[in-house]
$ cat run-v5.tsv   # TSV, C-alpha atoms
chain	number	residue	atom	x	y	z
K	1	GLY	CA	59.59	16.96	53.76
K	2	ALA	CA	63.13	16.73	55.00
K	3	GLY	CA	64.72	17.50	51.67
K	4	VAL	CA	64.06	18.43	48.06
K	5	SER	CA	62.13	15.66	46.36
K	6	GLN	CA	62.10	15.08	42.62
K	7	SER	CA	60.00	12.66	40.65
K	8	PRO	CA	60.31	10.52	38.73
K	9	SER	CA	63.89	9.54	39.45
K	10	ASN	CA	64.19	8.06	35.99
K	11	LYS	CA	62.15	8.68	32.86
K	12	VAL	CA	62.51	7.05	29.47
K	13	THR	CA	60.41	8.59	26.75
K	14	GLU	CA	60.08	8.37	23.03
K	15	LYS	CA	61.21	11.22	20.84
K	16	GLY	CA	58.37	13.63	20.23
K	17	LYS	CA	56.48	12.89	23.45
K	18	ASP	CA	55.90	15.44	26.20
K	19	VAL	CA	57.29	14.90	29.70
K	20	GLU	CA	56.65	16.49	33.06
K	21	LEU	CA	59.24	16.56	35.82
K	22	ARG	CA	58.23	17.41	39.34
K	23	CYS	CA	60.10	19.14	42.14
K	24	ASP	CA	58.87	19.38	45.71
K	25	PRO	CA	61.12	21.87	47.54
K	26	ILE	CA	61.85	22.08	51.22
K	27	SER	CA	58.87	23.51	53.05
K	28	GLY	CA	59.17	27.27	53.40
K	29	HIS	CA	61.86	27.69	50.79
K	30	THR	CA	60.76	30.56	48.61
K	31	ALA	CA	63.40	30.27	45.89
K	32	LEU	CA	63.53	27.35	43.46
K	33	TYR	CA	65.91	26.61	40.61
K	34	TRP	CA	65.97	24.12	37.76
K	35	TYR	CA	69.22	23.01	36.17
K	36	ARG	CA	70.13	20.57	33.44
K	37	GLN	CA	73.25	18.43	33.60
K	38	SER	CA	74.37	16.46	30.60
K	39	LEU	CA	76.66	13.50	31.17
K	40	GLY	CA	79.97	14.62	32.63
K	41	GLN	CA	79.11	18.28	32.22
K	42	GLY	CA	78.34	21.22	34.45
K	43	LEU	CA	75.00	22.56	35.63
K	44	GLU	CA	73.16	24.52	32.99
K	45	PHE	CA	70.76	27.06	34.51
K	46	LEU	CA	67.22	26.76	33.20
K	47	ILE	CA	64.80	28.79	35.32
K	48	TYR	CA	64.54	30.47	38.72
K	49	PHE	CA	61.47	31.19	40.84
K	50	GLN	CA	61.57	33.62	43.76
K	51	GLY	CA	58.42	34.06	45.79
K	52	ASN	CA	55.68	35.79	43.85
K	53	SER	CA	58.07	37.51	41.46
K	54	ALA	CA	58.04	36.74	37.76
K	55	PRO	CA	60.38	33.80	37.14
K	56	ASP	CA	63.73	34.25	35.46
K	57	LYS	CA	63.31	32.11	32.35
K	58	SER	CA	66.48	33.26	30.66
K	59	GLY	CA	68.07	29.82	30.71
K	60	LEU	CA	65.32	27.86	29.00
K	61	PRO	CA	66.91	26.51	25.79
K	62	SER	CA	63.82	26.64	23.60
K	63	ASP	CA	60.09	27.26	23.66
K	64	ARG	CA	59.60	23.51	24.11
K	65	PHE	CA	60.63	24.03	27.72
K	66	SER	CA	58.35	25.60	30.29
K	67	ALA	CA	58.00	25.54	34.05
K	68	GLU	CA	55.50	26.61	36.61
K	69	ARG	CA	55.37	26.79	40.34
K	70	THR	CA	52.00	26.44	41.95
K	71	GLY	CA	51.23	28.02	45.28
K	72	GLY	CA	54.84	28.93	45.80
K	73	SER	CA	55.71	25.32	46.44
K	74	VAL	CA	55.75	22.42	43.96
K	75	SER	CA	57.25	23.10	40.55
K	76	THR	CA	56.77	21.26	37.28
K	77	LEU	CA	59.20	21.42	34.37
K	78	THR	CA	57.55	20.46	31.10
K	79	ILE	CA	59.40	19.50	27.95
K	80	GLN	CA	57.25	19.27	24.86
K	81	ARG	CA	58.09	17.23	21.76
K	82	THR	CA	61.20	15.79	23.38
K	83	GLN	CA	64.38	15.45	21.35
K	84	GLN	CA	67.35	13.17	21.94
K	85	GLU	CA	69.48	16.15	22.96
K	86	ASP	CA	67.10	16.70	25.88
K	87	SER	CA	68.52	13.56	27.49
K	88	ALA	CA	70.17	14.68	30.73
K	89	VAL	CA	69.74	14.80	34.48
K	90	TYR	CA	67.39	17.57	35.54
K	91	LEU	CA	68.20	18.95	38.97
K	92	CYS	CA	66.01	21.06	41.19
K	93	ALA	CA	67.27	23.14	44.11
K	94	SER	CA	65.58	25.29	46.71
K	95	ILE	CA	66.77	28.05	49.02
K	96	LEU	CA	65.38	29.94	51.95
K	97	PRO	CA	66.99	33.21	50.91
K	98	ARG	CA	67.49	34.93	54.24
K	99	GLY	CA	70.66	36.31	52.80
K	100	LEU	CA	73.38	35.43	50.38
K	101	ASN	CA	74.93	32.92	52.77
K	102	THR	CA	72.18	30.32	52.50
K	103	GLU	CA	73.15	27.42	50.33
K	104	ALA	CA	70.94	25.73	47.78
K	105	PHE	CA	69.62	22.28	48.66
K	106	PHE	CA	69.41	19.91	45.73
K	107	GLY	CA	67.14	17.04	44.91
K	108	GLN	CA	68.47	13.77	43.60
K	109	GLY	CA	67.52	14.69	40.06
K	110	THR	CA	65.46	13.15	37.31
K	111	ARG	CA	67.41	11.24	34.69
K	112	LEU	CA	65.63	11.75	31.38
K	113	THR	CA	66.41	9.51	28.45
K	114	VAL	CA	64.84	10.24	25.09
K	115	VAL	CA	64.94	7.28	22.72
D	116	ALA	CA	75.16	38.13	33.29
D	117	GLN	CA	77.10	36.22	35.84
D	118	LYS	CA	79.96	34.10	34.68
D	119	ILE	CA	81.85	31.44	36.60
D	120	THR	CA	85.02	29.95	35.16
D	121	GLN	CA	86.69	26.76	36.25
D	122	THR	CA	89.70	26.25	34.01
D	123	GLN	CA	90.74	22.79	35.22
D	124	PRO	CA	88.60	20.06	33.68
D	125	GLY	CA	90.52	17.43	35.63
D	126	MET	CA	92.98	17.36	38.49
D	127	PHE	CA	94.97	14.59	40.13
D	128	VAL	CA	96.33	14.63	43.67
D	129	GLN	CA	98.17	12.12	45.77
D	130	GLU	CA	96.38	10.92	48.87
D	131	LYS	CA	97.22	13.04	51.96
D	132	GLU	CA	98.43	15.96	49.87
D	133	ALA	CA	96.69	19.31	49.42
D	134	VAL	CA	95.08	20.42	46.18
D	135	THR	CA	93.73	23.75	44.91
D	136	LEU	CA	90.78	23.94	42.55
D	137	ASP	CA	90.53	27.21	40.68
D	138	CYS	CA	87.47	29.40	40.27
D	139	THR	CA	87.16	32.90	38.86
D	140	TYR	CA	83.98	34.88	38.53
D	141	ASP	CA	82.67	37.97	36.87
D	142	THR	CA	80.12	40.30	38.41
D	143	SER	CA	79.45	44.00	38.62
D	144	ASP	CA	77.64	43.62	41.93
D	145	GLN	CA	79.34	44.45	45.21
D	146	SER	CA	77.23	41.98	47.17
D	147	TYR	CA	77.39	38.33	46.22
D	148	GLY	CA	77.98	34.89	47.64
D	149	LEU	CA	80.36	32.20	46.44
D	150	PHE	CA	79.77	28.51	46.98
D	151	TRP	CA	81.53	25.22	46.36
D	152	TYR	CA	79.69	21.97	45.87
D	153	LYS	CA	80.93	18.40	45.57
D	154	GLN	CA	79.23	15.90	43.30
D	155	PRO	CA	80.37	12.29	43.77
D	156	SER	CA	79.59	9.62	41.22
D	157	SER	CA	76.25	9.04	42.95
D	158	GLY	CA	75.13	12.39	41.53
D	159	GLU	CA	74.08	14.15	44.71
D	160	MET	CA	75.13	17.75	45.20
D	161	ILE	CA	76.88	18.31	48.51
D	162	PHE	CA	77.43	21.85	49.81
D	163	LEU	CA	80.99	22.36	51.03
D	164	ILE	CA	81.73	25.98	51.82
D	165	TYR	CA	80.50	29.54	51.45
D	166	GLN	CA	82.27	32.89	51.11
D	167	GLY	CA	80.50	36.25	51.19
D	168	SER	CA	81.83	39.15	49.20
D	169	TYR	CA	82.10	41.28	52.33
D	170	ASP	CA	83.75	38.59	54.44
D	171	GLU	CA	87.25	39.70	55.34
D	172	GLN	CA	88.41	36.28	56.44
D	173	ASN	CA	88.75	33.30	54.15
D	174	ALA	CA	86.11	30.69	54.88
D	175	THR	CA	87.16	27.36	56.34
D	176	GLU	CA	85.19	24.17	56.95
D	177	GLY	CA	87.26	21.28	58.24
D	178	ARG	CA	89.65	20.25	55.48
D	179	TYR	CA	88.14	22.76	53.07
D	180	SER	CA	89.21	26.37	52.83
D	181	LEU	CA	88.43	29.04	50.32
D	182	ASN	CA	91.22	31.28	49.06
D	183	PHE	CA	89.23	34.43	48.34
D	184	GLN	CA	90.95	37.18	46.39
D	185	LYS	CA	88.30	39.78	45.75
D	186	ALA	CA	90.36	42.12	43.60
D	187	ARG	CA	91.27	39.25	41.31
D	188	LYS	CA	87.71	37.86	41.47
D	189	SER	CA	88.92	34.43	42.38
D	190	ALA	CA	87.58	31.95	44.92
D	191	ASN	CA	89.78	28.89	44.85
D	192	LEU	CA	88.96	25.82	46.92
D	193	VAL	CA	91.79	24.25	48.88
D	194	ILE	CA	91.38	20.69	50.09
D	195	SER	CA	94.00	19.66	52.62
D	196	ALA	CA	95.07	16.10	53.39
D	197	SER	CA	93.21	14.61	50.42
D	198	GLN	CA	91.34	11.38	50.94
D	199	LEU	CA	90.22	8.77	48.41
D	200	GLY	CA	86.63	9.79	49.14
D	201	ASP	CA	87.38	13.29	47.86
D	202	SER	CA	87.39	11.97	44.29
D	203	ALA	CA	84.42	13.71	42.69
D	204	MET	CA	83.31	16.63	40.55
D	205	TYR	CA	83.64	20.01	42.22
D	206	PHE	CA	81.54	22.99	41.21
D	207	CYS	CA	82.01	26.65	42.02
D	208	ALA	CA	78.87	28.78	42.08
D	209	MET	CA	77.89	32.39	42.64
D	210	ARG	CA	74.68	34.03	43.71
D	211	GLU	CA	74.00	37.71	43.58
D	212	TYR	CA	71.34	39.29	45.77
D	213	ASP	CA	67.88	38.07	44.80
D	214	ASN	CA	69.26	36.52	41.66
D	215	ASP	CA	69.77	33.14	40.17
D	216	MET	CA	72.64	30.87	41.13
D	217	ARG	CA	75.10	30.04	38.37
D	218	PHE	CA	77.65	27.27	38.31
D	219	GLY	CA	81.00	26.75	36.66
D	220	ALA	CA	81.74	23.82	34.36
D	221	GLY	CA	83.29	21.85	37.19
D	222	THR	CA	86.61	20.15	37.93
D	223	ARG	CA	86.92	16.40	38.21
D	224	LEU	CA	89.29	15.58	41.05
D	225	THR	CA	90.92	12.18	41.27
D	226	VAL	CA	92.78	11.23	44.43
D	227	LYS	CA	95.46	8.62	43.84
D	228	PRO	CA	96.43	6.14	46.57
$ encode --input "run-v5.tsv" --output "structure tokens"
Amino acid sequence: GAGVSQSPSNKVTEKGKDVELRCDPISGHTALYWYRQSLGQGLEFLIYFQGNSAPDKSGLPSDRFSAERTGGSVSTLTIQRTQQEDSAVYLCASILPRGLNTEAFFGQGTRLTVV
Amino acid sequence: AQKITQTQPGMFVQEKEAVTLDCTYDTSDQSYGLFWYKQPSSGEMIFLIYQGSYDEQNATEGRYSLNFQKARKSANLVISASQLGDSAMYFCAMREYDNDMRFGAGTRLTVKP
């Protein structure tokens, strides 16, 4: 596709339910990032995938969060047993890392509301 | 771990004036890239400008310029001739070679008519 696509754009879920957020990066982009942005706040790093390397999971806030990237393309962020503090916008970005000067392209985000 | 610091939670500027948004960073790497992004109220992330650690010249893109002071580890964004449409959140970010990309807490810029 022309850009990074995230789905759903909005998700309302009940506390305790599991949710899956999807990110479809730009074709050919080997690096993919997930961030979380609470209302009015900065971007909190969650996880980073680069090619076939083991992902950098150092930003995942708890073991309720997990992510995978299948075939080096689409990524899914899963939040188990959602809590109200998980409510935020989840942003995905991809890069074709030909060097340090390539910027990250962001999707429009998924707004997650846990009620 | 990387650390990006933006010390100005909010800034105001009069339309047509210039404004500087501060960013300092911490890294032990010699090779890294610095980025600025704009996030309007719509939520999209818009890339503005890039500065490489080995670039000797300060980056410029239209009304945006980056005041890069490597020894001080600062990468301030200068917006000249501010416009009402510049009102947004601005994020500084850094990426080290083959590493994740970390962002600062952001600065909310308000341009006053």
$ atom_distance --input "run-v5.tsv" --atom1 "atom CA of K:Glu68" --atom2 "atom CA of K:Gly28"
17.2 Å
$ interface_residues --input "run-v5.tsv" --of "chain K" --to "chain D" --cutoff "9 Å" --atoms "all atoms listed in the file" --output "compact mmCIF listing (two decimals) with C-alpha atoms, in the coordinates of the input"
# COMPACT_ATOMS: atom_id res chain seq x y z
CA TYR K 33 65.91 26.61 40.61
CA GLY K 40 79.97 14.62 32.63
CA GLN K 41 79.11 18.28 32.22
CA GLY K 42 78.34 21.22 34.45
CA LEU K 43 75.00 22.56 35.63
CA GLU K 44 73.16 24.52 32.99
CA PHE K 45 70.76 27.06 34.51
CA ILE K 47 64.80 28.79 35.32
CA TYR K 48 64.54 30.47 38.72
CA PHE K 49 61.47 31.19 40.84
CA GLN K 50 61.57 33.62 43.76
CA ASP K 56 63.73 34.25 35.46
CA PRO K 97 66.99 33.21 50.91
CA GLY K 99 70.66 36.31 52.80
CA LEU K 100 73.38 35.43 50.38
CA ASN K 101 74.93 32.92 52.77
CA THR K 102 72.18 30.32 52.50
CA GLU K 103 73.15 27.42 50.33
CA ALA K 104 70.94 25.73 47.78
CA PHE K 105 69.62 22.28 48.66
CA PHE K 106 69.41 19.91 45.73
CA GLY K 107 67.14 17.04 44.91
CA GLN K 108 68.47 13.77 43.60
CA GLY K 109 67.52 14.69 40.06
$ residues_near_point --input "run-v5.tsv" --point "(67.1, 19.2, 28.4)" --cutoff "9 Å" --atoms "all atoms listed in the file" --output "PyMOL selection string"
chain K and resi 35-38+46+60-61+65+79+82-90+112
$ residues_around --input "run-v5.tsv" --residues "stretch 126-134 of chain D" --least-positions-apart "5" --cutoff "7 Å" --atoms "only C-alpha atoms" --output "list in words"
Val193, Ile194, Ser195, Ala196, Ser197, Gln198, Leu199, Thr222, Arg223, Leu224, Thr225, Val226, Lys227 and Pro228 of chain D
$ atom_distance --input "run-v5.tsv" --atom1 "atom CA of K:Ala31" --atom2 "atom CA of D:Leu192"
26.0 Å
$ atom_distance --input "run-v5.tsv" --atom1 "atom CA of K:Ala93" --atom2 "atom CA of D:Lys118"
19.2 Å
$ residues_around --input "run-v5.tsv" --residues "K:Ser7" --least-positions-apart "5" --cutoff "12 Å" --atoms "all atoms listed in the file" --output "PyMOL selection string"
chain K and resi 19-25+74-77+89-92+107-112
$ axis_aligned_box --input "run-v5.tsv" --around "stretch 171-175 of chain D" --padding-each-side "5 Å" --output "lines of an AutoDock Vina configuration file"
center_x = 87.4
center_y = 33.5
center_z = 55.3
size_x = 12.6
size_y = 22.3
size_z = 12.3
$ build_atoms --input "run-v5.tsv" --residues "stretch 48-67 of chain K" --atoms "N, CA and C atoms" --output "compact mmCIF listing (two decimals), in the coordinates of the input"
# COMPACT_ATOMS: atom_id res chain seq x y z
N TYR K 48 64.44 30.12 37.30
CA TYR K 48 64.54 30.47 38.72
C TYR K 48 63.23 31.13 39.15
N PHE K 49 62.67 30.62 40.24
CA PHE K 49 61.47 31.19 40.84
C PHE K 49 61.85 31.79 42.19
N GLN K 50 61.35 32.99 42.45
CA GLN K 50 61.57 33.62 43.76
C GLN K 50 60.25 34.21 44.23
N GLY K 51 59.66 33.57 45.21
CA GLY K 51 58.42 34.06 45.79
C GLY K 51 57.36 34.28 44.74
N ASN K 52 56.74 35.45 44.80
CA ASN K 52 55.68 35.79 43.85
C ASN K 52 56.19 36.57 42.65
N SER K 53 57.50 36.76 42.58
CA SER K 53 58.07 37.51 41.46
C SER K 53 57.98 36.71 40.17
N ALA K 54 58.02 37.42 39.06
CA ALA K 54 58.04 36.74 37.76
C ALA K 54 59.31 35.90 37.68
N PRO K 55 59.20 34.66 37.20
CA PRO K 55 60.38 33.80 37.14
C PRO K 55 61.40 34.30 36.13
N ASP K 56 62.65 33.98 36.39
CA ASP K 56 63.73 34.25 35.46
C ASP K 56 63.84 33.04 34.52
N LYS K 57 63.36 33.20 33.31
CA LYS K 57 63.31 32.11 32.35
C LYS K 57 64.46 32.16 31.35
N SER K 58 65.45 32.96 31.66
CA SER K 58 66.48 33.26 30.66
C SER K 58 67.30 32.05 30.24
N GLY K 59 67.27 30.99 31.03
CA GLY K 59 68.07 29.82 30.71
C GLY K 59 67.34 28.74 29.93
N LEU K 60 66.06 28.89 29.73
CA LEU K 60 65.32 27.86 29.00
C LEU K 60 65.84 27.80 27.56
N PRO K 61 66.23 26.61 27.09
CA PRO K 61 66.91 26.51 25.79
C PRO K 61 66.02 26.70 24.59
N SER K 62 64.73 26.46 24.73
CA SER K 62 63.82 26.64 23.60
C SER K 62 62.42 26.77 24.13
N ASP K 63 61.48 27.11 23.23
CA ASP K 63 60.09 27.26 23.66
C ASP K 63 59.42 25.91 23.92
N ARG K 64 60.16 24.82 23.73
CA ARG K 64 59.60 23.51 24.11
C ARG K 64 59.66 23.31 25.62
N PHE K 65 60.46 24.14 26.28
CA PHE K 65 60.63 24.03 27.72
C PHE K 65 59.78 25.08 28.43
N SER K 66 59.10 24.66 29.47
CA SER K 66 58.35 25.60 30.29
C SER K 66 58.33 25.07 31.71
N ALA K 67 58.07 25.96 32.65
CA ALA K 67 58.00 25.54 34.05
C ALA K 67 57.00 26.42 34.76
